[in-house]
Protein chains: 2
Amino acid sequence: MAPHMDPDEFRRAGHAVVDWIADYWATVEQRPVAPADPPGTVAAALPSEPPTTGGEPVEAILADLDSIVVPGLTHWQHPGFFGYFPGNTSGPSVLGDLVSSGLGVQGMLWASSPACTELETVMMDWLAHLMDLPQRFRSAGAGAGAGGGVIQDSASSATLVATLAALHRASGGRWRHSGIDRRYRAYTSIHGHSSIEKAVRIAGLGSDGTRSVEVDPNTQAMLPGVLRAAIEADLAAGDVPAIVVATIGTTSTTAIDPLPEIGAICAEYGIWLHVDAAYAGAAAVCPELRWTHAGLAYADSYCFDPHKWLLTGFDCDAFWVADRAELIEALTVLPEFLRNAASESGAVIDYRDWQVPLGRRFRSLKLWFVLRWYGAEGLRAHIRSGVALAERFAERVRADDRFEVVAAHPFSLVCFRLLADDDTNAALLASVNASGRVHLTHTRVAGRYTLRLAVGSPQTTEAHTDEAWTLLSETATTLLTP
Amino acid sequence: MAPHMDPDEFRRAGHAVVDWIADYWATVEQRPVAPADPPGTVAAALPSEPPTTGGEPVEAILADLDSIVVPGLTHWQHPGFFGYFPGNTSGPSVLGDLVSSGLGVQGMLWASSPACTELETVMMDWLAHLMDLPQRFRSAGAGAGAGGGVIQDSASSATLVATLAALHRASGGRWRHSGIDRRYRAYTSIHGHSSIEKAVRIAGLGSDGTRSVEVDPNTQAMLPGVLRAAIEADLAAGDVPAIVVATIGTTSTTAIDPLPEIGAICAEYGIWLHVDAAYAGAAAVCPELRWTHAGLAYADSYCFDPHKWLLTGFDCDAFWVADRAELIEALTVLPEFLRNAASESGAVIDYRDWQVPLGRRFRSLKLWFVLRWYGAEGLRAHIRSGVALAERFAERVRADDRFEVVAAHPFSLVCFRLLADDDTNAALLASVNASGRVHLTHTRVAGRYTLRLAVGSPQTTEAHTDEAWTLLSETATTLLTP
């Protein structure tokens, strides 16, 4: 056996893997969206030890992929996948990521592979242009200042680094050396994502450091007056308000926190404003949906996930800061083995100082492939398709007086429930999911069990949302029949 | 234009990308290892805005990749790349990762795609078996207990989550709610990686929270007596020792901290011991190199990076804990939208609670492909090749009395210097790197500028390390000639 796979063997096996993926996409609709097997099924089918000698052809591994792994997957690219938020991908994204894997370069420093950093900076500016984000988030061009963008693995990590920069600011620069020396506080709505509480805990404030601000019962959006009261109460107690995390498109219902009012409060008290638009930010590629981002100019940082609704595979969170210096000061540690002339010149970006890990993959390639292959209009068409499918589904729910639509649906998520108790709604969810044709998840809104249907897979059409509705409607009939 | 790339177009374009990578690998040796262009060269060659309409064939993007991006890369897979630590990859890894991109599933919960979690657990057990790690790190089999393994993006993140679990333990469980309420302390050697200081800072202890322990001037390894004294001084001051991070294979010189003595001290004082073997851990696949891991049974957590020296592309850090409950308690936050029956049964692993981000890519696929394609013996051959090439290079350095080998080289890194001042050594490094044939980086050992040659690319042979030596030797002659 050869010590390594040579280029010719890679070529042959690579074509086979590409064909395998093409076949998977062409047939994924025929599979159950999610498996029904009990925990341990996949593990039990695998040997308990690795082979001593290798040399197995890739086709043998693909055969086990088919027989053992794929039957144990929930298929996020299935057109009937309506769970969580979409985690969609696309051909161009997969190919861009394949190039990244093949190059195998590491962009921790500009000097460690310059094009890896420069393409990322330009792609972040491309995205900012496409979404008409405030000029101060941009690295180049008219109005660009001290800001800039970077790819994080997820919105969780974006929230974490924003929190760290906010602590650095709130401490007057002491945090970097002395750590948590006062009771710093973070604020988000009761529908702020769990990653906010997690980031605040990781940063050493404990779960007690997060203040959950009540929402308007009609819009599910943060109440600015309650935020102000919470800040003032903390100040009166001698605590230090450090960061407010507002959300455009909360996970439960895609509520939009009122940024103009929240931003004005943050400006008044000198508090870092981070805006988490993990799922819904992609909508800003469409001019008619940019109203959802009103007030963003107040933000110190902002993120959204192209890996959720913008056809770019996980992981790709796009994160911008208005003042990169605060972020870099918070995170930089410079050992001798990373010193280099380019960094010391100040003329380059070293993205290691914009994130938690040191190492970084060449993730901007997949964005480059997606943005060029689709173009702005292609991406807009995808977002509009999702919004239209959600509206079509919501109309059907509204037309059936056994159901209610629970919240506004400006994007591609519809929250709804049967006008029945929680257990009946949970049974409805379990029953439609057991069909294998669709996969929905749930949340609670105002304490009540609520179903969520999130559209986002590129393969999803009217036929699929209509089928979901038919399943829900027929199952409801069964459940409600005594 | 079609709204999305259909399977047939993906098949055609995918073959082209695979061929592009095969050609890149076949010709990478002919390229300069690192570019000489000034900062901004790549960015200036790219349009400042994304295209409005898409539909560009993938071949057009590949053409720009060739003309704009690739000339701006430092080529980590080049056989003359000897910088930092290797970041190697392989055909099987790229193909496994391609499958992951194509499936596009998300493994945040067992329930969100069960096979994604189960394959990862089994692969971590396979690695533990291959390296003969302590039984308590394993999820299944004889001797397995409360431990288990998980893939992190990098050793930086592994150190961070180990630190968080250690704080949770050291606080008696208060940390999770109350945050940093005392002066917790972390200990590592002065050669501990910069990610340790960074993790401690992120965790809210400030850079002052890290105690840098002096090393033995001969071995560059942590002095246990100095560690003990530091712990006792902190205890006397009312501070709380929370974690010791020991290193197998430090970044500067691949020194090995004495785990048996350090572990006994940690056990005596009840301090969490994390062992960072980011680069050198891969050596444990070879029985004759397992002496480097003596004392590992003391560790509460351990990590190494298959993406450094085990032919698996970035990102893939393998992290194990002896007691998963402490880690999960530290990190879990459970919102309604993630609740599910499988998690509540307690019968499954939800890896979101083992890491900072919520989302996760199906990274175990590339490990599965690598471990099956190479088998244990194939991986051992790769490690042995690196160790032998380093020894061969070190012999040449030792045989030239103008040079000295600065530290022991049990793995594939050789630290050496010209017997001349720091500026001359820096000029030597700059000069050989300017050749475009090799790329080395530097460090400081006992304050002196020291060159590092790290072997790891699968394409590197004796011809390449010999060429590196010839370049160094000839350049030294030029530099030393008045």
# chains A, B, ... in the order shown; residues from 1 in each chain; ligands from 1
call {"tool": "residues_around", "arguments": {"residues": "range 99-101 of chain B", "least_positions_apart": "4", "cutoff": "7 Å", "atoms": "only C-alpha atoms", "output": "list in words"}}
result
Ile21, Val94 and Gly313 of chain A; Leu95, Phe362, Arg363 and Leu365 of chain B
call {"tool": "residues_around", "arguments": {"residues": "range 214-224 of chain A", "least_positions_apart": "3", "cutoff": "8 Å", "atoms": "only C-alpha atoms", "output": "PyMOL selection string"}}
result
chain A and resi 188-191+227-228+246+253+255-258+261-262+265+407-408+446
call {"tool": "atom_distance", "arguments": {"atom1": "CA of Arg169 in chain A", "atom2": "CA of Cys266 in chain A"}}
result
13.3 Å
call {"tool": "select_by_dssp", "arguments": {"residues": "range 108-268 of chain A", "states": "strand (DSSP E or B)", "output": "count of residues only"}}
result
27
call {"tool": "residues_around", "arguments": {"residues": "range 447-452 of chain B", "least_positions_apart": "6", "cutoff": "8 Å", "atoms": "only C-alpha atoms", "output": "PyMOL selection string"}}
result
chain B and resi 82-84+252+406+413-417+422+425-426+429+440-441
call {"tool": "write_last_selection", "arguments": {"atoms": "N, CA and C atoms", "output": "PDB file, in the first residue's frame"}}
result
ATOM      1  N   PHE B  82       8.061  24.089   6.799  1.00  0.00           N
ATOM      2  CA  PHE B  82       8.567  23.625   8.092  1.00  0.00           C
ATOM      3  C   PHE B  82       8.208  24.613   9.207  1.00  0.00           C
ATOM      4  N   GLY B  83       7.237  25.475   8.973  1.00  0.00           N
ATOM      5  CA  GLY B  83       6.911  26.528   9.933  1.00  0.00           C
ATOM      6  C   GLY B  83       5.995  26.053  11.058  1.00  0.00           C
ATOM      7  N   TYR B  84       5.894  26.861  12.117  1.00  0.00           N
ATOM      8  CA  TYR B  84       4.959  26.630  13.225  1.00  0.00           C
ATOM      9  C   TYR B  84       4.999  25.147  13.620  1.00  0.00           C
ATOM     10  N   SER B 252       7.448  25.916  21.646  1.00  0.00           N
ATOM     11  CA  SER B 252       8.800  26.388  21.366  1.00  0.00           C
ATOM     12  C   SER B 252       9.742  25.252  21.007  1.00  0.00           C
ATOM     13  N   VAL B 406      19.409  23.236  19.950  1.00  0.00           N
ATOM     14  CA  VAL B 406      19.147  23.955  21.194  1.00  0.00           C
ATOM     15  C   VAL B 406      18.411  23.113  22.233  1.00  0.00           C
ATOM     16  N   LEU B 413      10.168  18.152  15.485  1.00  0.00           N
ATOM     17  CA  LEU B 413      10.622  19.544  15.503  1.00  0.00           C
ATOM     18  C   LEU B 413      12.064  19.609  15.965  1.00  0.00           C
ATOM     19  N   VAL B 414      12.891  20.356  15.220  1.00  0.00           N
ATOM     20  CA  VAL B 414      14.282  20.588  15.627  1.00  0.00           C
ATOM     21  C   VAL B 414      14.457  22.096  15.857  1.00  0.00           C
ATOM     22  N   CYS B 415      14.961  22.440  17.043  1.00  0.00           N
ATOM     23  CA  CYS B 415      15.277  23.830  17.368  1.00  0.00           C
ATOM     24  C   CYS B 415      16.793  23.988  17.305  1.00  0.00           C
ATOM     25  N   PHE B 416      17.242  25.007  16.593  1.00  0.00           N
ATOM     26  CA  PHE B 416      18.683  25.142  16.391  1.00  0.00           C
ATOM     27  C   PHE B 416      19.017  26.603  16.154  1.00  0.00           C
ATOM     28  N   ARG B 417      20.273  26.922  16.248  1.00  0.00           N
ATOM     29  CA  ARG B 417      20.703  28.285  15.990  1.00  0.00           C
ATOM     30  C   ARG B 417      22.153  28.304  15.550  1.00  0.00           C
ATOM     31  N   ASP B 422      21.569  37.295  17.853  1.00  0.00           N
ATOM     32  CA  ASP B 422      20.173  37.139  17.445  1.00  0.00           C
ATOM     33  C   ASP B 422      19.924  37.710  16.053  1.00  0.00           C
ATOM     34  N   ASN B 425      20.945  35.357  13.389  1.00  0.00           N
ATOM     35  CA  ASN B 425      19.998  34.250  13.264  1.00  0.00           C
ATOM     36  C   ASN B 425      18.706  34.695  12.575  1.00  0.00           C
ATOM     37  N   ALA B 426      18.250  35.878  12.903  1.00  0.00           N
ATOM     38  CA  ALA B 426      17.033  36.399  12.240  1.00  0.00           C
ATOM     39  C   ALA B 426      17.292  36.597  10.746  1.00  0.00           C
ATOM     40  N   LEU B 429      17.164  33.222   9.013  1.00  0.00           N
ATOM     41  CA  LEU B 429      15.776  32.792   8.787  1.00  0.00           C
ATOM     42  C   LEU B 429      15.164  33.535   7.597  1.00  0.00           C
ATOM     43  N   LEU B 440      10.507  28.322   7.379  1.00  0.00           N
ATOM     44  CA  LEU B 440      10.736  28.014   8.785  1.00  0.00           C
ATOM     45  C   LEU B 440      10.223  29.191   9.612  1.00  0.00           C
ATOM     46  N   THR B 441       9.978  28.944  10.904  1.00  0.00           N
ATOM     47  CA  THR B 441       9.645  30.044  11.803  1.00  0.00           C
ATOM     48  C   THR B 441      10.627  30.011  12.979  1.00  0.00           C
TER      49      THR B 441
END
call {"tool": "residues_around", "arguments": {"residues": "range 16-18 of chain B", "least_positions_apart": "3", "cutoff": "12 Å", "atoms": "only C-alpha atoms", "output": "PyMOL selection string"}}
result
(chain A and resi 7-19+91-92+94-103+369) or (chain B and resi 9-13+21-25+57-63+65+91+94-95+98)
call {"tool": "residues_around", "arguments": {"residues": "range 126-137 of chain A", "least_positions_apart": "2", "cutoff": "10 Å", "atoms": "only C-alpha atoms", "output": "ChimeraX atom specification"}}
result
/A:120-124,139-149,281-287,289-290,293,295-302,306,318-324,367-368,371,375-376,379-380 /B:47-52
call {"tool": "atom_distance", "arguments": {"atom1": "CA of Thr163 in chain A", "atom2": "CA of Ile196 in chain A"}}
result
8.9 Å
call {"tool": "closest_residue", "arguments": {"among": "A:Glu326, A:Asp305, A:Asp350, A:Glu118", "to": "Tyr279 in chain A", "atoms": "only C-alpha atoms"}}
result
A:Asp305
call {"tool": "closest_residue", "arguments": {"among": "B:His4, B:Arg352, B:Arg392, B:His307", "to": "Trp76 in chain B", "atoms": "only C-alpha atoms"}}
result
B:His307
call {"tool": "residues_around", "arguments": {"residues": "Ile202 in chain B", "least_positions_apart": "2", "cutoff": "7 Å", "atoms": "only C-alpha atoms", "output": "list in words"}}
result
Leu164 and Ala203 of chain A; Lys198, Ala199, Val200 and Gly204 of chain B
call {"tool": "write_last_selection", "arguments": {"atoms": "all heavy atoms", "output": "PDB file, in the first residue's frame"}}
result
ATOM      1  N   LEU A 164     -16.743  39.777  25.603  1.00  0.00           N
ATOM      2  CA  LEU A 164     -15.383  40.013  26.114  1.00  0.00           C
ATOM      3  C   LEU A 164     -14.927  41.437  25.793  1.00  0.00           C
ATOM      4  O   LEU A 164     -14.353  42.126  26.639  1.00  0.00           O
ATOM      5  CB  LEU A 164     -14.421  38.979  25.527  1.00  0.00           C
ATOM      6  CG  LEU A 164     -14.784  37.516  25.836  1.00  0.00           C
ATOM      7  CD1 LEU A 164     -13.854  36.570  25.085  1.00  0.00           C
ATOM      8  CD2 LEU A 164     -14.766  37.230  27.325  1.00  0.00           C
ATOM      9  N   ALA A 203     -17.770  33.876  30.300  1.00  0.00           N
ATOM     10  CA  ALA A 203     -16.980  35.080  30.580  1.00  0.00           C
ATOM     11  C   ALA A 203     -16.799  35.322  32.072  1.00  0.00           C
ATOM     12  O   ALA A 203     -16.113  36.267  32.464  1.00  0.00           O
ATOM     13  CB  ALA A 203     -17.638  36.293  29.922  1.00  0.00           C
TER      14      ALA A 203
ATOM     15  N   LYS B 198      -4.805  33.036  27.087  1.00  0.00           N
ATOM     16  CA  LYS B 198      -6.022  33.557  26.450  1.00  0.00           C
ATOM     17  C   LYS B 198      -7.278  32.923  27.052  1.00  0.00           C
ATOM     18  O   LYS B 198      -8.258  33.615  27.334  1.00  0.00           O
ATOM     19  CB  LYS B 198      -5.946  33.294  24.943  1.00  0.00           C
ATOM     20  CG  LYS B 198      -7.050  33.949  24.125  1.00  0.00           C
ATOM     21  CD  LYS B 198      -6.709  33.910  22.639  1.00  0.00           C
ATOM     22  CE  LYS B 198      -7.816  34.463  21.767  1.00  0.00           C
ATOM     23  NZ  LYS B 198      -7.420  34.533  20.340  1.00  0.00           N
ATOM     24  N   ALA B 199      -7.245  31.610  27.271  1.00  0.00           N
ATOM     25  CA  ALA B 199      -8.412  30.935  27.860  1.00  0.00           C
ATOM     26  C   ALA B 199      -8.679  31.457  29.265  1.00  0.00           C
ATOM     27  O   ALA B 199      -9.826  31.684  29.652  1.00  0.00           O
ATOM     28  CB  ALA B 199      -8.171  29.422  27.898  1.00  0.00           C
ATOM     29  N   VAL B 200      -7.628  31.656  30.018  1.00  0.00           N
ATOM     30  CA  VAL B 200      -7.771  32.130  31.397  1.00  0.00           C
ATOM     31  C   VAL B 200      -8.329  33.549  31.399  1.00  0.00           C
ATOM     32  O   VAL B 200      -9.164  33.909  32.228  1.00  0.00           O
ATOM     33  CB  VAL B 200      -6.411  32.031  32.124  1.00  0.00           C
ATOM     34  CG1 VAL B 200      -6.456  32.731  33.476  1.00  0.00           C
ATOM     35  CG2 VAL B 200      -6.011  30.565  32.292  1.00  0.00           C
ATOM     36  N   GLY B 204     -12.336  35.088  32.565  1.00  0.00           N
ATOM     37  CA  GLY B 204     -12.585  36.166  33.516  1.00  0.00           C
ATOM     38  C   GLY B 204     -11.582  36.254  34.651  1.00  0.00           C
ATOM     39  O   GLY B 204     -11.845  36.917  35.659  1.00  0.00           O
TER      40      GLY B 204
END
call {"tool": "closest_residue", "arguments": {"among": "A:Ser207, A:Leu167, A:Leu310, A:Cys116", "to": "Val244 in chain A", "atoms": "only C-alpha atoms"}}
result
A:Leu167
call {"tool": "residues_around", "arguments": {"residues": "range 179-185 of chain B", "least_positions_apart": "5", "cutoff": "9 Å", "atoms": "only C-alpha atoms", "output": "ChimeraX atom specification"}}
result
/A:179-181,200-209 /B:167,170-171,174,200,203-205,208-211,231,234,238-244
call {"tool": "write_last_selection", "arguments": {"atoms": "N, CA and C atoms", "output": "mmCIF file, in the first residue's frame"}}
result
data_model
loop_
_atom_site.group_PDB
_atom_site.id
_atom_site.type_symbol
_atom_site.label_atom_id
_atom_site.label_comp_id
_atom_site.auth_asym_id
_atom_site.auth_seq_id
_atom_site.Cartn_x
_atom_site.Cartn_y
_atom_site.Cartn_z
ATOM 1 N N GLY A 179 -9.284 40.653 35.196
ATOM 2 C CA GLY A 179 -10.442 39.775 35.138
ATOM 3 C C GLY A 179 -11.679 40.426 35.724
ATOM 4 N N ILE A 180 -12.589 39.570 36.169
ATOM 5 C CA ILE A 180 -13.890 40.031 36.667
ATOM 6 C C ILE A 180 -13.705 40.541 38.089
ATOM 7 N N ASP A 181 -13.676 41.853 38.223
ATOM 8 C CA ASP A 181 -13.424 42.440 39.542
ATOM 9 C C ASP A 181 -14.627 43.219 40.059
ATOM 10 N N VAL A 200 -22.158 34.618 28.680
ATOM 11 C CA VAL A 200 -21.999 35.409 29.910
ATOM 12 C C VAL A 200 -21.428 34.521 31.019
ATOM 13 N N ARG A 201 -21.880 33.283 31.060
ATOM 14 C CA ARG A 201 -21.336 32.353 32.050
ATOM 15 C C ARG A 201 -19.869 32.056 31.762
ATOM 16 N N ILE A 202 -19.545 31.776 30.502
ATOM 17 C CA ILE A 202 -18.150 31.492 30.118
ATOM 18 C C ILE A 202 -17.256 32.668 30.491
ATOM 19 N N ALA A 203 -17.770 33.876 30.300
ATOM 20 C CA ALA A 203 -16.980 35.080 30.580
ATOM 21 C C ALA A 203 -16.799 35.322 32.072
ATOM 22 N N GLY A 204 -17.404 34.476 32.892
ATOM 23 C CA GLY A 204 -17.136 34.561 34.321
ATOM 24 C C GLY A 204 -18.125 35.401 35.103
ATOM 25 N N LEU A 205 -19.291 35.676 34.517
ATOM 26 C CA LEU A 205 -20.302 36.457 35.234
ATOM 27 C C LEU A 205 -21.359 35.559 35.865
ATOM 28 N N GLY A 206 -21.281 34.271 35.564
ATOM 29 C CA GLY A 206 -22.312 33.365 36.073
ATOM 30 C C GLY A 206 -23.630 33.583 35.361
ATOM 31 N N SER A 207 -24.520 32.620 35.531
ATOM 32 C CA SER A 207 -25.837 32.812 34.920
ATOM 33 C C SER A 207 -26.565 33.976 35.572
ATOM 34 N N ASP A 208 -26.191 34.294 36.800
ATOM 35 C CA ASP A 208 -26.801 35.458 37.467
ATOM 36 C C ASP A 208 -26.431 36.766 36.778
ATOM 37 N N GLY A 209 -25.401 36.751 35.958
ATOM 38 C CA GLY A 209 -24.967 37.979 35.287
ATOM 39 C C GLY A 209 -25.868 38.392 34.147
ATOM 40 N N LEU B 167 -13.050 25.579 36.931
ATOM 41 C CA LEU B 167 -13.606 26.646 37.769
ATOM 42 C C LEU B 167 -14.893 26.180 38.459
ATOM 43 N N ALA B 170 -13.665 23.988 41.233
ATOM 44 C CA ALA B 170 -12.948 24.706 42.292
ATOM 45 C C ALA B 170 -13.873 25.591 43.114
ATOM 46 N N SER B 171 -14.982 25.988 42.512
ATOM 47 C CA SER B 171 -15.925 26.871 43.228
ATOM 48 C C SER B 171 -16.943 26.064 44.020
ATOM 49 N N ARG B 174 -20.449 26.798 42.527
ATOM 50 C CA ARG B 174 -21.042 28.149 42.556
ATOM 51 C C ARG B 174 -20.800 28.916 41.251
ATOM 52 N N VAL B 200 -7.628 31.656 30.018
ATOM 53 C CA VAL B 200 -7.771 32.130 31.397
ATOM 54 C C VAL B 200 -8.329 33.549 31.399
ATOM 55 N N ALA B 203 -11.996 33.407 30.487
ATOM 56 C CA ALA B 203 -12.775 32.889 31.617
ATOM 57 C C ALA B 203 -12.945 33.924 32.728
ATOM 58 N N GLY B 204 -12.336 35.088 32.565
ATOM 59 C CA GLY B 204 -12.585 36.166 33.516
ATOM 60 C C GLY B 204 -11.582 36.254 34.651
ATOM 61 N N LEU B 205 -10.434 35.596 34.483
ATOM 62 C CA LEU B 205 -9.402 35.680 35.528
ATOM 63 C C LEU B 205 -8.350 36.726 35.193
ATOM 64 N N ASP B 208 -3.503 38.212 34.737
ATOM 65 C CA ASP B 208 -2.880 38.007 36.053
ATOM 66 C C ASP B 208 -3.250 36.666 36.664
ATOM 67 N N GLY B 209 -4.308 36.044 36.138
ATOM 68 C CA GLY B 209 -4.736 34.758 36.694
ATOM 69 C C GLY B 209 -3.842 33.606 36.317
ATOM 70 N N THR B 210 -2.973 33.806 35.334
ATOM 71 C CA THR B 210 -2.070 32.736 34.897
ATOM 72 C C THR B 210 -0.732 32.864 35.600
ATOM 73 N N ARG B 211 -0.326 31.806 36.257
ATOM 74 C CA ARG B 211 0.994 31.740 36.869
ATOM 75 C C ARG B 211 1.920 30.989 35.918
ATOM 76 N N ILE B 231 1.704 27.235 43.998
ATOM 77 C CA ILE B 231 0.390 26.851 44.529
ATOM 78 C C ILE B 231 0.303 27.221 46.009
ATOM 79 N N ASP B 234 -0.043 30.927 46.567
ATOM 80 C CA ASP B 234 -1.389 31.415 46.262
ATOM 81 C C ASP B 234 -2.371 31.011 47.357
ATOM 82 N N GLY B 238 -4.774 33.305 50.051
ATOM 83 C CA GLY B 238 -6.228 33.198 50.010
ATOM 84 C C GLY B 238 -6.779 32.986 48.615
ATOM 85 N N ASP B 239 -5.900 32.761 47.654
ATOM 86 C CA ASP B 239 -6.356 32.517 46.296
ATOM 87 C C ASP B 239 -6.694 31.033 46.112
ATOM 88 N N VAL B 240 -7.335 30.725 44.983
ATOM 89 C CA VAL B 240 -7.825 29.366 44.757
ATOM 90 C C VAL B 240 -7.178 28.750 43.522
ATOM 91 N N PRO B 241 -6.242 27.846 43.687
ATOM 92 C CA PRO B 241 -5.660 27.158 42.520
ATOM 93 C C PRO B 241 -6.732 26.305 41.847
ATOM 94 N N ALA B 242 -6.991 26.564 40.562
ATOM 95 C CA ALA B 242 -8.106 25.887 39.893
ATOM 96 C C ALA B 242 -7.637 24.872 38.859
ATOM 97 N N ILE B 243 -6.576 25.185 38.131
ATOM 98 C CA ILE B 243 -6.184 24.302 37.034
ATOM 99 C C ILE B 243 -4.693 24.410 36.770
ATOM 100 N N VAL B 244 -4.099 23.272 36.470
ATOM 101 C CA VAL B 244 -2.728 23.223 35.961
ATOM 102 C C VAL B 244 -2.805 22.722 34.526
#
call {"tool": "decode", "arguments": {"residues": "range 276-292 of chain B", "atoms": "C-alpha atoms", "output": "compact mmCIF listing (two decimals), in the first residue's frame"}}
result
# COMPACT_ATOMS: atom_id res chain seq x y z
CA ASP B 276 -2.15 19.90 26.22
CA ALA B 277 -0.47 17.64 23.66
CA ALA B 278 -1.78 19.61 20.68
CA TYR B 279 1.04 18.71 18.33
CA ALA B 280 2.89 15.85 20.00
CA GLY B 281 -0.07 13.76 21.08
CA ALA B 282 -0.22 12.13 17.65
CA ALA B 283 3.08 10.42 18.50
CA ALA B 284 1.24 8.18 20.96
CA VAL B 285 -0.05 6.10 18.06
CA CYS B 286 3.49 4.63 18.07
CA PRO B 287 4.16 2.32 21.02
CA GLU B 288 7.82 3.35 21.12
CA LEU B 289 6.82 6.99 21.69
CA ARG B 290 4.24 6.42 24.42
CA TRP B 291 6.83 7.13 27.10
CA THR B 292 6.12 10.78 26.28
